[in-house]
>>> print(open('my_file_13.tsv').read())   # TSV, C-alpha atoms
chain	number	residue	atom	x	y	z
A	1	MET	CA	0.00	0.00	0.00
A	2	ILE	CA	2.75	2.39	1.02
A	3	LEU	CA	4.82	1.33	-1.97
A	4	ALA	CA	1.89	1.94	-4.30
A	5	ALA	CA	1.37	5.38	-2.81
A	6	LEU	CA	5.06	6.20	-3.24
A	7	LEU	CA	4.96	5.05	-6.83
A	8	LEU	CA	1.92	7.21	-7.48
A	9	VAL	CA	3.56	10.25	-5.91
A	10	THR	CA	6.69	9.63	-7.96
A	11	GLN	CA	4.70	9.37	-11.17
A	12	VAL	CA	2.82	12.57	-10.46
A	13	ALA	CA	5.98	14.42	-9.56
A	14	VAL	CA	7.79	13.50	-12.78
A	15	GLN	CA	6.72	15.93	-15.45
A	16	ASP	CA	7.30	15.29	-19.12
A	17	PRO	CA	10.16	17.58	-20.19
A	18	ARG	CA	8.45	18.20	-23.52
A	19	LEU	CA	5.92	20.29	-21.66
A	20	ASP	CA	8.68	22.84	-21.00
A	21	ARG	CA	7.72	24.31	-24.36
A	22	LEU	CA	4.55	25.60	-22.73
A	23	ASP	CA	4.43	28.72	-20.62
A	24	LEU	CA	4.32	28.21	-16.88
A	25	ASP	CA	0.57	28.57	-16.37
A	26	THR	CA	-0.31	26.42	-19.35
A	27	ARG	CA	2.26	23.83	-18.32
A	28	SER	CA	0.80	23.54	-14.82
A	29	ALA	CA	-2.73	23.16	-16.12
A	30	VAL	CA	-1.74	20.61	-18.76
A	31	ALA	CA	0.37	18.69	-16.25
A	32	ALA	CA	-2.66	18.44	-13.97
A	33	VAL	CA	-4.71	16.97	-16.82
A	34	VAL	CA	-1.91	14.56	-17.64
A	35	ASP	CA	-1.65	13.45	-14.02
A	36	SER	CA	-5.41	12.90	-13.80
A	37	ALA	CA	-5.32	10.86	-17.00
A	38	ARG	CA	-2.45	8.79	-15.66
A	39	VAL	CA	-4.34	8.06	-12.45
A	40	ALA	CA	-7.37	7.08	-14.52
A	41	ARG	CA	-5.09	4.83	-16.59
A	42	LEU	CA	-5.81	6.72	-19.77
A	43	PRO	CA	-3.08	7.19	-22.37
A	44	ILE	CA	-1.22	10.43	-21.77
A	45	GLU	CA	0.74	10.68	-25.02
A	46	PRO	CA	-2.23	11.96	-27.04
A	47	ILE	CA	-2.80	14.65	-24.42
A	48	ILE	CA	0.83	15.73	-24.50
A	49	GLN	CA	0.80	15.79	-28.29
A	50	ARG	CA	-2.33	17.94	-28.34
A	51	ALA	CA	-0.69	20.41	-25.98
A	52	LEU	CA	2.47	20.48	-28.11
A	53	GLU	CA	0.37	21.03	-31.23
A	54	GLY	CA	-1.23	24.03	-29.58
A	55	ALA	CA	2.13	25.38	-28.49
A	56	THR	CA	3.68	25.02	-31.94
A	57	LYS	CA	0.68	26.62	-33.56
A	58	GLY	CA	0.87	29.53	-31.14
A	59	ALA	CA	-2.56	28.95	-29.65
A	60	PRO	CA	-3.48	30.86	-26.52
A	61	SER	CA	-3.18	29.12	-23.17
A	62	THR	CA	-6.91	28.89	-22.56
A	63	ARG	CA	-7.45	27.14	-25.85
A	64	ILE	CA	-4.65	24.64	-25.22
A	65	VAL	CA	-5.93	23.80	-21.76
A	66	ALA	CA	-9.50	23.46	-23.02
A	67	ALA	CA	-8.33	21.18	-25.82
A	68	VAL	CA	-6.43	18.81	-23.55
A	69	ARG	CA	-9.26	18.69	-21.01
A	70	ARG	CA	-11.75	17.87	-23.73
A	71	LEU	CA	-9.43	15.23	-25.14
A	72	ALA	CA	-8.98	13.60	-21.73
A	73	GLY	CA	-12.74	13.44	-21.29
A	74	ASP	CA	-13.23	11.95	-24.74
A	75	LEU	CA	-10.53	9.37	-24.11
A	76	GLY	CA	-12.46	8.30	-21.02
A	77	THR	CA	-15.68	7.99	-23.03
A	78	ALA	CA	-13.84	6.02	-25.70
A	79	ARG	CA	-12.41	3.65	-23.14
A	80	THR	CA	-15.82	3.06	-21.65
A	81	ALA	CA	-17.12	2.13	-25.09
A	82	LEU	CA	-14.15	0.00	-26.13
A	83	GLY	CA	-13.21	-1.56	-22.82
A	84	THR	CA	-10.07	-1.51	-20.75
A	85	SER	CA	-8.16	-3.69	-23.20
A	86	ALA	CA	-8.30	-1.06	-25.94
A	87	SER	CA	-4.95	0.19	-27.18
A	88	GLU	CA	-3.86	3.82	-27.24
A	89	ALA	CA	-4.26	3.90	-31.02
A	90	GLU	CA	-7.78	2.49	-30.78
A	91	LEU	CA	-8.73	5.03	-28.15
A	92	GLU	CA	-7.43	7.91	-30.25
A	93	ALA	CA	-9.33	6.65	-33.28
A	94	ALA	CA	-12.44	6.22	-31.16
A	95	VAL	CA	-12.14	9.82	-30.00
A	96	ALA	CA	-12.04	10.90	-33.64
A	97	ALA	CA	-15.12	8.79	-34.37
A	98	LEU	CA	-16.96	10.23	-31.38
A	99	ARG	CA	-16.14	13.77	-32.42
A	100	ALA	CA	-17.29	12.95	-35.93
A	101	GLY	CA	-20.69	12.10	-34.53
A	102	ALA	CA	-20.58	8.39	-33.83
A	103	THR	CA	-22.27	7.44	-30.61
A	104	PRO	CA	-20.64	5.31	-27.91
A	105	GLU	CA	-23.19	2.62	-28.80
A	106	VAL	CA	-21.93	2.52	-32.39
A	107	ILE	CA	-18.38	2.10	-31.12
A	108	ALA	CA	-19.48	-0.66	-28.77
A	109	HIS	CA	-21.26	-2.41	-31.67
A	110	LEU	CA	-18.13	-2.11	-33.77
A	111	ARG	CA	-16.14	-3.68	-30.99
A	112	ALA	CA	-18.55	-6.61	-30.92
A	113	ALA	CA	-18.54	-7.02	-34.69
A	114	ARG	CA	-14.86	-6.92	-35.41
A	115	ARG	CA	-11.78	-8.37	-33.85
A	116	PRO	CA	-9.15	-5.86	-32.74
A	117	PRO	CA	-7.40	-3.72	-33.60
A	118	LEU	CA	-10.28	-1.38	-34.44
A	119	THR	CA	-8.04	1.58	-35.22
A	120	MET	CA	-8.57	1.58	-38.96
A	121	ALA	CA	-12.32	0.95	-38.81
A	122	LEU	CA	-12.82	3.81	-36.37
A	123	SER	CA	-10.57	6.10	-38.39
A	124	VAL	CA	-12.40	5.35	-41.62
A	125	LEU	CA	-15.66	6.18	-39.88
A	126	ALA	CA	-14.27	9.53	-38.74
A	127	ASP	CA	-12.69	10.27	-42.11
A	128	LEU	CA	-15.91	9.54	-43.99
A	129	VAL	CA	-17.71	12.07	-41.83
A	130	ALA	CA	-14.90	14.55	-42.42
A	131	SER	CA	-15.51	14.03	-46.15
A	132	GLY	CA	-19.12	15.08	-45.72
A	133	VAL	CA	-20.84	11.74	-45.22
A	134	PRO	CA	-23.58	11.98	-42.60
A	135	ALA	CA	-22.47	10.39	-39.34
A	136	ASP	CA	-25.26	7.83	-39.26
A	137	SER	CA	-24.57	6.77	-42.86
A	138	ALA	CA	-20.85	6.45	-42.17
A	139	ALA	CA	-21.50	4.45	-39.01
A	140	ALA	CA	-23.95	2.15	-40.79
A	141	ALA	CA	-21.49	1.54	-43.62
A	142	VAL	CA	-18.55	0.76	-41.36
A	143	LEU	CA	-20.68	-1.49	-39.17
A	144	ALA	CA	-21.88	-3.36	-42.25
A	145	LEU	CA	-18.34	-3.87	-43.50
A	146	ALA	CA	-16.75	-4.52	-40.13
A	147	PRO	CA	-17.30	-8.28	-39.76
A	148	LYS	CA	-15.42	-9.32	-42.89
A	149	ALA	CA	-13.57	-6.41	-44.42
A	150	ARG	CA	-9.85	-6.14	-43.98
A	151	ASP	CA	-8.24	-2.85	-43.01
A	152	ALA	CA	-7.10	-2.41	-46.60
A	153	ASP	CA	-10.68	-2.95	-47.78
A	154	LEU	CA	-11.94	-0.23	-45.46
A	155	VAL	CA	-9.30	2.20	-46.68
A	156	GLU	CA	-10.19	1.44	-50.28
A	157	PHE	CA	-13.88	1.94	-49.49
A	158	ARG	CA	-13.13	5.37	-48.02
A	159	ARG	CA	-11.04	6.33	-51.04
A	160	ALA	CA	-13.77	5.21	-53.43
A	161	VAL	CA	-16.38	7.25	-51.60
A	162	GLU	CA	-14.08	10.27	-51.55
A	163	ARG	CA	-13.49	9.93	-55.28
A	164	ASP	CA	-17.22	9.82	-55.93
A	165	ILE	CA	-17.76	12.88	-53.76
A	166	ALA	CA	-14.98	14.72	-55.58
A	167	LEU	CA	-16.75	13.90	-58.85
A	168	GLY	CA	-19.92	15.48	-57.56
A	169	ALA	CA	-21.86	12.66	-55.91
A	170	PRO	CA	-23.79	13.49	-52.74
A	171	PRO	CA	-21.78	12.05	-49.83
A	172	GLY	CA	-24.58	9.93	-48.40
A	173	ALA	CA	-25.51	8.55	-51.79
A	174	ALA	CA	-21.88	7.82	-52.63
A	175	THR	CA	-21.56	5.82	-49.43
A	176	SER	CA	-24.68	3.74	-49.94
A	177	VAL	CA	-23.96	3.13	-53.62
A	178	ARG	CA	-20.43	1.95	-52.90
A	179	LEU	CA	-21.70	-0.22	-50.08
A	180	ASN	CA	-24.57	-1.80	-51.98
A	181	ALA	CA	-22.79	-2.17	-55.29
A	182	GLY	CA	-20.33	-4.53	-53.74
A	183	ALA	CA	-17.46	-2.35	-54.79
A	184	LEU	CA	-15.30	-4.20	-52.31
A	185	ASP	CA	-13.83	-7.49	-53.11
A	186	ILE	CA	-13.90	-8.91	-49.63
A	187	THR	CA	-12.38	-12.30	-50.03
A	188	PRO	CA	-11.17	-13.82	-46.79
A	189	ASN	CA	-8.99	-16.29	-48.68
A	190	SER	CA	-7.35	-13.80	-50.96
A	191	SER	CA	-3.64	-14.01	-51.59
A	192	SER	CA	-2.55	-11.24	-49.26
A	193	SER	CA	-2.57	-11.88	-45.56
A	194	PRO	CA	-5.76	-10.73	-43.84
A	195	GLY	CA	-5.72	-7.13	-42.80
A	196	GLN	CA	-2.10	-6.65	-43.69
A	197	LEU	CA	-1.49	-3.38	-45.39
A	198	PRO	CA	1.45	-3.61	-47.71
A	199	THR	CA	4.47	-1.67	-46.74
A	200	ARG	CA	4.33	1.30	-48.98
A	201	ARG	CA	6.39	4.26	-49.82
A	202	SER	CA	3.86	6.64	-51.15
A	203	ARG	CA	1.75	9.54	-50.29
A	204	PRO	CA	-0.68	8.88	-47.44
B	1	MET	CA	44.79	-97.41	-49.40
B	2	PHE	CA	41.29	-97.30	-48.03
B	3	GLU	CA	42.49	-98.89	-44.76
B	4	ARG	CA	45.07	-96.15	-44.21
B	5	GLU	CA	42.46	-93.48	-44.83
B	6	ASP	CA	40.12	-95.12	-42.34
B	7	GLU	CA	42.86	-95.13	-39.75
B	8	THR	CA	43.53	-91.45	-40.32
B	9	VAL	CA	39.89	-90.53	-39.96
B	10	GLU	CA	39.65	-92.61	-36.83
B	11	ARG	CA	42.60	-90.80	-35.32
B	12	VAL	CA	41.12	-87.39	-36.12
B	13	ILE	CA	37.83	-88.38	-34.54
B	14	GLN	CA	39.54	-89.62	-31.45
B	15	HIS	CA	41.51	-86.39	-31.24
B	16	LEU	CA	38.38	-84.29	-31.50
B	17	ARG	CA	36.64	-86.38	-28.87
B	18	ARG	CA	39.30	-85.71	-26.28
B	19	PRO	CA	38.16	-83.18	-23.67
B	20	VAL	CA	39.58	-79.70	-24.09
B	21	ALA	CA	41.51	-78.39	-21.17
B	22	ILE	CA	40.19	-74.87	-20.40
B	23	ASP	CA	41.70	-72.51	-17.91
B	24	ARG	CA	39.46	-72.44	-14.89
B	25	GLY	CA	39.70	-68.60	-14.66
B	26	LEU	CA	38.46	-68.12	-18.20
B	27	ASP	CA	34.80	-67.84	-17.30
B	28	ALA	CA	35.51	-65.24	-14.62
B	29	ARG	CA	37.67	-63.18	-16.98
B	30	VAL	CA	35.10	-63.28	-19.75
B	31	MET	CA	32.29	-62.20	-17.43
B	32	ARG	CA	34.44	-59.40	-16.06
B	33	GLU	CA	35.09	-58.09	-19.59
B	34	ILE	CA	31.41	-58.27	-20.44
B	35	ALA	CA	30.53	-56.30	-17.34
B	36	GLN	CA	32.88	-53.49	-18.40
B	37	VAL	CA	31.14	-53.02	-21.78
B	38	PRO	CA	28.19	-50.61	-21.29
B	39	PRO	CA	24.94	-51.99	-22.56
B	40	GLU	CA	23.43	-50.23	-25.60
B	41	GLY	CA	20.50	-48.92	-23.62
B	42	ARG	CA	22.72	-47.36	-20.95
B	43	ARG	CA	25.10	-45.61	-23.31
B	44	VAL	CA	25.46	-41.87	-22.54
B	45	ARG	CA	24.19	-40.02	-25.62
B	46	PRO	CA	25.43	-36.58	-26.71
B	47	LEU	CA	23.31	-33.64	-25.45
B	48	TRP	CA	23.47	-31.54	-28.60
B	49	PRO	CA	20.05	-32.50	-29.99
B	50	LEU	CA	18.45	-31.44	-26.71
B	51	VAL	CA	20.44	-28.22	-26.63
B	52	ALA	CA	19.49	-27.44	-30.24
B	53	ALA	CA	15.82	-28.04	-29.53
B	54	ALA	CA	15.98	-25.78	-26.47
B	55	ALA	CA	17.67	-23.07	-28.52
B	56	VAL	CA	14.93	-23.21	-31.15
B	57	VAL	CA	12.21	-22.98	-28.51
B	58	ALA	CA	13.96	-20.07	-26.80
B	59	THR	CA	14.38	-18.23	-30.10
B	60	VAL	CA	10.72	-18.61	-30.96
B	61	LEU	CA	9.65	-17.46	-27.50
B	62	VAL	CA	11.84	-14.38	-27.66
B	63	ALA	CA	11.03	-13.45	-31.25
B	64	ARG	CA	7.27	-14.13	-30.90
B	65	PRO	CA	6.60	-14.15	-34.63
B	66	TRP	CA	2.88	-14.48	-33.91
B	67	ASN	CA	2.88	-11.27	-31.90
B	68	ARG	CA	4.69	-8.65	-33.91
B	69	ASN	CA	5.08	-5.47	-31.96
B	70	ALA	CA	4.23	-2.01	-33.16
B	71	ALA	CA	7.74	-1.24	-34.26
B	72	SER	CA	7.92	-4.24	-36.52
B	73	GLN	CA	4.60	-3.21	-38.08
B	74	ALA	CA	5.77	0.33	-38.75
B	75	ASP	CA	5.04	1.68	-42.17
B	76	THR	CA	7.36	3.85	-44.25
B	77	LEU	CA	5.44	6.78	-45.68
B	78	GLN	CA	6.43	9.59	-47.96
B	79	PHE	CA	4.75	12.93	-47.42
B	80	VAL	CA	4.66	15.29	-50.37
B	81	LEU	CA	3.59	18.92	-50.72
B	82	VAL	CA	3.67	21.01	-53.87
B	83	ALA	CA	4.70	24.51	-52.85
B	84	PRO	CA	6.62	26.23	-55.65
B	85	GLN	CA	7.00	29.52	-53.81
B	86	ALA	CA	8.15	28.05	-50.51
B	87	ALA	CA	11.63	28.63	-49.15
B	88	SER	CA	11.23	25.94	-46.51
B	89	VAL	CA	8.66	23.32	-45.59
B	90	ALA	CA	8.54	21.19	-42.46
B	91	LEU	CA	6.36	18.24	-41.62
B	92	VAL	CA	5.04	18.44	-38.07
B	93	GLY	CA	2.64	16.19	-36.25
B	94	ASP	CA	1.91	13.77	-33.45
B	95	PHE	CA	4.83	11.62	-34.58
B	96	ASN	CA	7.53	14.25	-34.01
B	97	ASP	CA	6.21	16.22	-31.04
B	98	TRP	CA	5.06	18.97	-33.41
B	99	ASP	CA	8.67	20.09	-33.69
B	100	PRO	CA	9.42	21.73	-37.07
B	101	ALA	CA	13.11	20.99	-36.69
B	102	ARG	CA	12.56	17.24	-36.58
B	103	SER	CA	11.25	16.62	-40.11
B	104	PRO	CA	12.36	19.28	-42.56
B	105	MET	CA	11.21	18.50	-46.09
B	106	GLN	CA	13.51	18.51	-49.10
B	107	THR	CA	12.92	19.63	-52.64
B	108	ALA	CA	14.85	17.56	-55.10
B	109	HIS	CA	15.14	19.68	-58.24
B	110	GLY	CA	13.87	23.05	-57.16
B	111	GLY	CA	10.51	22.36	-58.75
B	112	GLY	CA	8.57	23.12	-55.64
B	113	ILE	CA	7.83	19.49	-54.84
B	114	TRP	CA	8.73	19.01	-51.20
B	115	ALA	CA	9.00	15.54	-49.73
B	116	THR	CA	10.14	13.65	-46.69
B	117	VAL	CA	9.90	10.07	-45.51
B	118	VAL	CA	8.94	9.02	-42.01
B	119	ARG	CA	8.37	5.67	-40.41
B	120	LEU	CA	5.18	5.36	-38.39
B	121	ALA	CA	3.89	2.65	-36.11
B	122	PRO	CA	0.21	1.70	-36.35
B	123	GLY	CA	-2.02	4.49	-35.08
B	124	ARG	CA	-3.88	7.65	-36.00
B	125	TYR	CA	-1.78	10.78	-36.36
B	126	ARG	CA	-2.58	14.45	-36.82
B	127	TYR	CA	-0.13	16.46	-38.85
B	128	ALA	CA	0.32	19.56	-41.00
B	129	PHE	CA	2.89	21.28	-43.17
B	130	LEU	CA	4.59	24.44	-41.94
B	131	VAL	CA	5.59	26.57	-44.93
B	132	ASN	CA	8.29	29.21	-44.49
B	133	GLY	CA	7.96	28.80	-40.75
B	134	VAL	CA	4.70	30.72	-40.57
B	135	GLU	CA	2.03	29.26	-42.83
B	136	TRP	CA	0.11	26.14	-41.85
B	137	ARG	CA	-1.22	23.92	-44.61
B	138	ALA	CA	-3.18	20.71	-44.53
B	139	ASP	CA	-2.24	17.80	-46.76
B	140	PRO	CA	-4.46	17.96	-49.85
B	141	ASN	CA	-3.99	14.23	-50.32
B	142	ALA	CA	-5.20	13.14	-46.88
B	143	PRO	CA	-8.39	13.41	-44.84
B	144	ALA	CA	-8.76	16.66	-42.94
B	145	ALA	CA	-8.70	16.75	-39.17
B	146	LYS	CA	-12.23	17.80	-38.43
B	147	ASP	CA	-11.62	18.58	-34.78
B	148	ASP	CA	-9.06	21.32	-35.26
B	149	GLU	CA	-9.15	23.37	-32.10
B	150	PHE	CA	-6.28	25.71	-32.77
B	151	GLY	CA	-7.59	27.56	-35.79
B	152	THR	CA	-5.22	26.14	-38.37
B	153	PRO	CA	-5.76	23.24	-40.76
B	154	SER	CA	-4.43	19.77	-40.03
B	155	SER	CA	-4.69	16.39	-41.66
B	156	VAL	CA	-4.89	12.88	-40.31
B	157	ILE	CA	-3.26	9.66	-41.35
B	158	THR	CA	-4.02	6.22	-40.00
B	159	VAL	CA	-1.41	3.52	-40.19
B	160	GLY	CA	-3.00	0.12	-40.04
B	161	GLY	CA	-1.80	-2.89	-38.18
B	162	ARG	CA	-3.07	-6.36	-38.84
B	163	GLY	CA	-6.71	-5.56	-38.41
B	164	GLY	CA	-9.26	-7.65	-40.18
B	165	GLY	CA	-12.74	-9.00	-39.91
B	166	SER	CA	-13.84	-11.12	-37.02
>>> encode(input="my_file_13.tsv", output="structure tokens")
Amino acid sequence: MILAALLLVTQVAVQDPRLDRLDLDTRSAVAAVVDSARVARLPIEPIIQRALEGATKGAPSTRIVAAVRRLAGDLGTARTALGTSASEAELEAAVAALRAGATPEVIAHLRAARRPPLTMALSVLADLVASGVPADSAAAAVLALAPKARDADLVEFRRAVERDIALGAPPGAATSVRLNAGALDITPNSSSSPGQLPTRRSRP
Amino acid sequence: MFEREDETVERVIQHLRRPVAIDRGLDARVMREIAQVPPEGRRVRPLWPLVAAAAVVATVLVARPWNRNAASQADTLQFVLVAPQAASVALVGDFNDWDPARSPMQTAHGGGIWATVVRLAPGRYRYAFLVNGVEWRADPNAPAAKDDEFGTPSSVITVGGRGGGS
């Protein structure tokens, strides 16, 4: 018990040196959020990165602190939806999906429908919404594809929808057409290993 | 002639029928020699097959080919921005602590095509291009970060792992 308390105090006391880039007030506020996240066993790296993003972009202190507090709260919501075994990458992607408009229930359904990691599925959901697809349409599409599609299939689906949107198709219609037309060739026994994205050296 | 041959044969037979005188200690010596020869089943075998098998098992346990870690799944990605008027471009994001000095981009032939290569482990990353040290630009070839809270554009990239259907 005493040892655990000492370890906790030690962890709280050690501040990430990267936060030195923040001014004193901002650093203290961000460090408090980081410590709370650590105690709650939430990943702290995304919080630190968000603070560093704000610092590099010259954002005012209040905006940086608000951003990291909001992120910490969303990480907690994401963890509730995904469970304690979720990875940091999955939690970050789930935060993006939540902010895009997916509900915690959708994320929980996705977790039930697909074996981990869910990072790509959640990211595709968020990216579809960012492309203009209504959140419920994007969620329905990803949930429909989730049981069998590989990560590479999901990425290709997103790209196809984005291409259609760029050509003038309404985002919701583009999503449903691509989904219903069977544009994906989801073949579990295809030659490439399941879910393995090829190592590439190209533009993202 | 036949009589002489019969006599010879008879002598040979009689010679063979005479009891052979054997040293009384012969049996003891023979049994002692036999006792000193290790039986086949009790022979001490070399340990190298066992050691080799243990080494293989240890290698597999340490390498864990069925459980590749994030580093081994890292993806090499090239980021490109066309900015003909730019004097400098830096790639900044969650993967380099948003530090412009960490990933400066290069232009190969002065044609305004700026590029850099980074290696990313599976995950979702926010990033942007910093042009001339002051101008923030999103990546036109990547999804936009919708939740930009700092008033400047950013993009996102997701590096997949081994995810697949259930």
>>> closest_residue(input="my_file_13.tsv", among="B:Ala35, B:Met105, B:Leu77, B:Ala142", to="Val117 (chain B)", atoms="all atoms listed in the file")
B:Leu77
>>> closest_residue(input="my_file_13.tsv", among="A:Ile48, A:Ala160, A:Ala86, A:Ile107", to="chain B", atoms="all atoms listed in the file")
A:Ile48
>>> interface_residues(input="my_file_13.tsv", of="chain B", to="chain A", cutoff="8 Å", atoms="only C-alpha atoms", output="PyMOL selection string")
chain B and resi 75-80+93-94+97-99+122-124+141-147+149-150+152+157-166
>>> residues_around(input="my_file_13.tsv", residues="Gly172 (chain A)", least_positions_apart="5", cutoff="12 Å", atoms="all atoms listed in the file", output="tab-separated table (two decimals) with C-alpha atoms, keeping the file's coordinate frame")
chain	number	residue	atom	x	y	z
A	128	LEU	CA	-15.91	9.54	-43.99
A	129	VAL	CA	-17.71	12.07	-41.83
A	131	SER	CA	-15.51	14.03	-46.15
A	132	GLY	CA	-19.12	15.08	-45.72
A	133	VAL	CA	-20.84	11.74	-45.22
A	134	PRO	CA	-23.58	11.98	-42.60
A	135	ALA	CA	-22.47	10.39	-39.34
A	136	ASP	CA	-25.26	7.83	-39.26
A	137	SER	CA	-24.57	6.77	-42.86
A	138	ALA	CA	-20.85	6.45	-42.17
A	139	ALA	CA	-21.50	4.45	-39.01
A	140	ALA	CA	-23.95	2.15	-40.79
A	141	ALA	CA	-21.49	1.54	-43.62
A	161	VAL	CA	-16.38	7.25	-51.60
A	162	GLU	CA	-14.08	10.27	-51.55
A	164	ASP	CA	-17.22	9.82	-55.93
A	165	ILE	CA	-17.76	12.88	-53.76
A	177	VAL	CA	-23.96	3.13	-53.62
A	178	ARG	CA	-20.43	1.95	-52.90
A	179	LEU	CA	-21.70	-0.22	-50.08
>>> atom_distance(input="my_file_13.tsv", atom1="CA of Val30 (chain A)", atom2="CA of Val68 (chain A)")
6.9 Å
>>> atom_distance(input="my_file_13.tsv", atom1="CA of Glu135 (chain B)", atom2="CA of Gln85 (chain B)")
12.1 Å
>>> atom_distance(input="my_file_13.tsv", atom1="CA of Gly112 (chain B)", atom2="CA of Tyr125 (chain B)")
25.1 Å
>>> closest_residue(input="my_file_13.tsv", among="B:Ser88, B:Gln14, B:Asn96, B:Gln36", to="Leu120 (chain B)", atoms="all atoms listed in the file")
B:Asn96
>>> closest_residue(input="my_file_13.tsv", among="B:Val118, B:Gln73, B:Gly133, B:Val156", to="Ala101 (chain B)", atoms="only C-alpha atoms")
B:Gly133
>>> closest_residue(input="my_file_13.tsv", among="B:Val131, B:Ala74, B:Ala121, B:Ala115", to="Ala87 (chain B)", atoms="only C-alpha atoms")
B:Val131
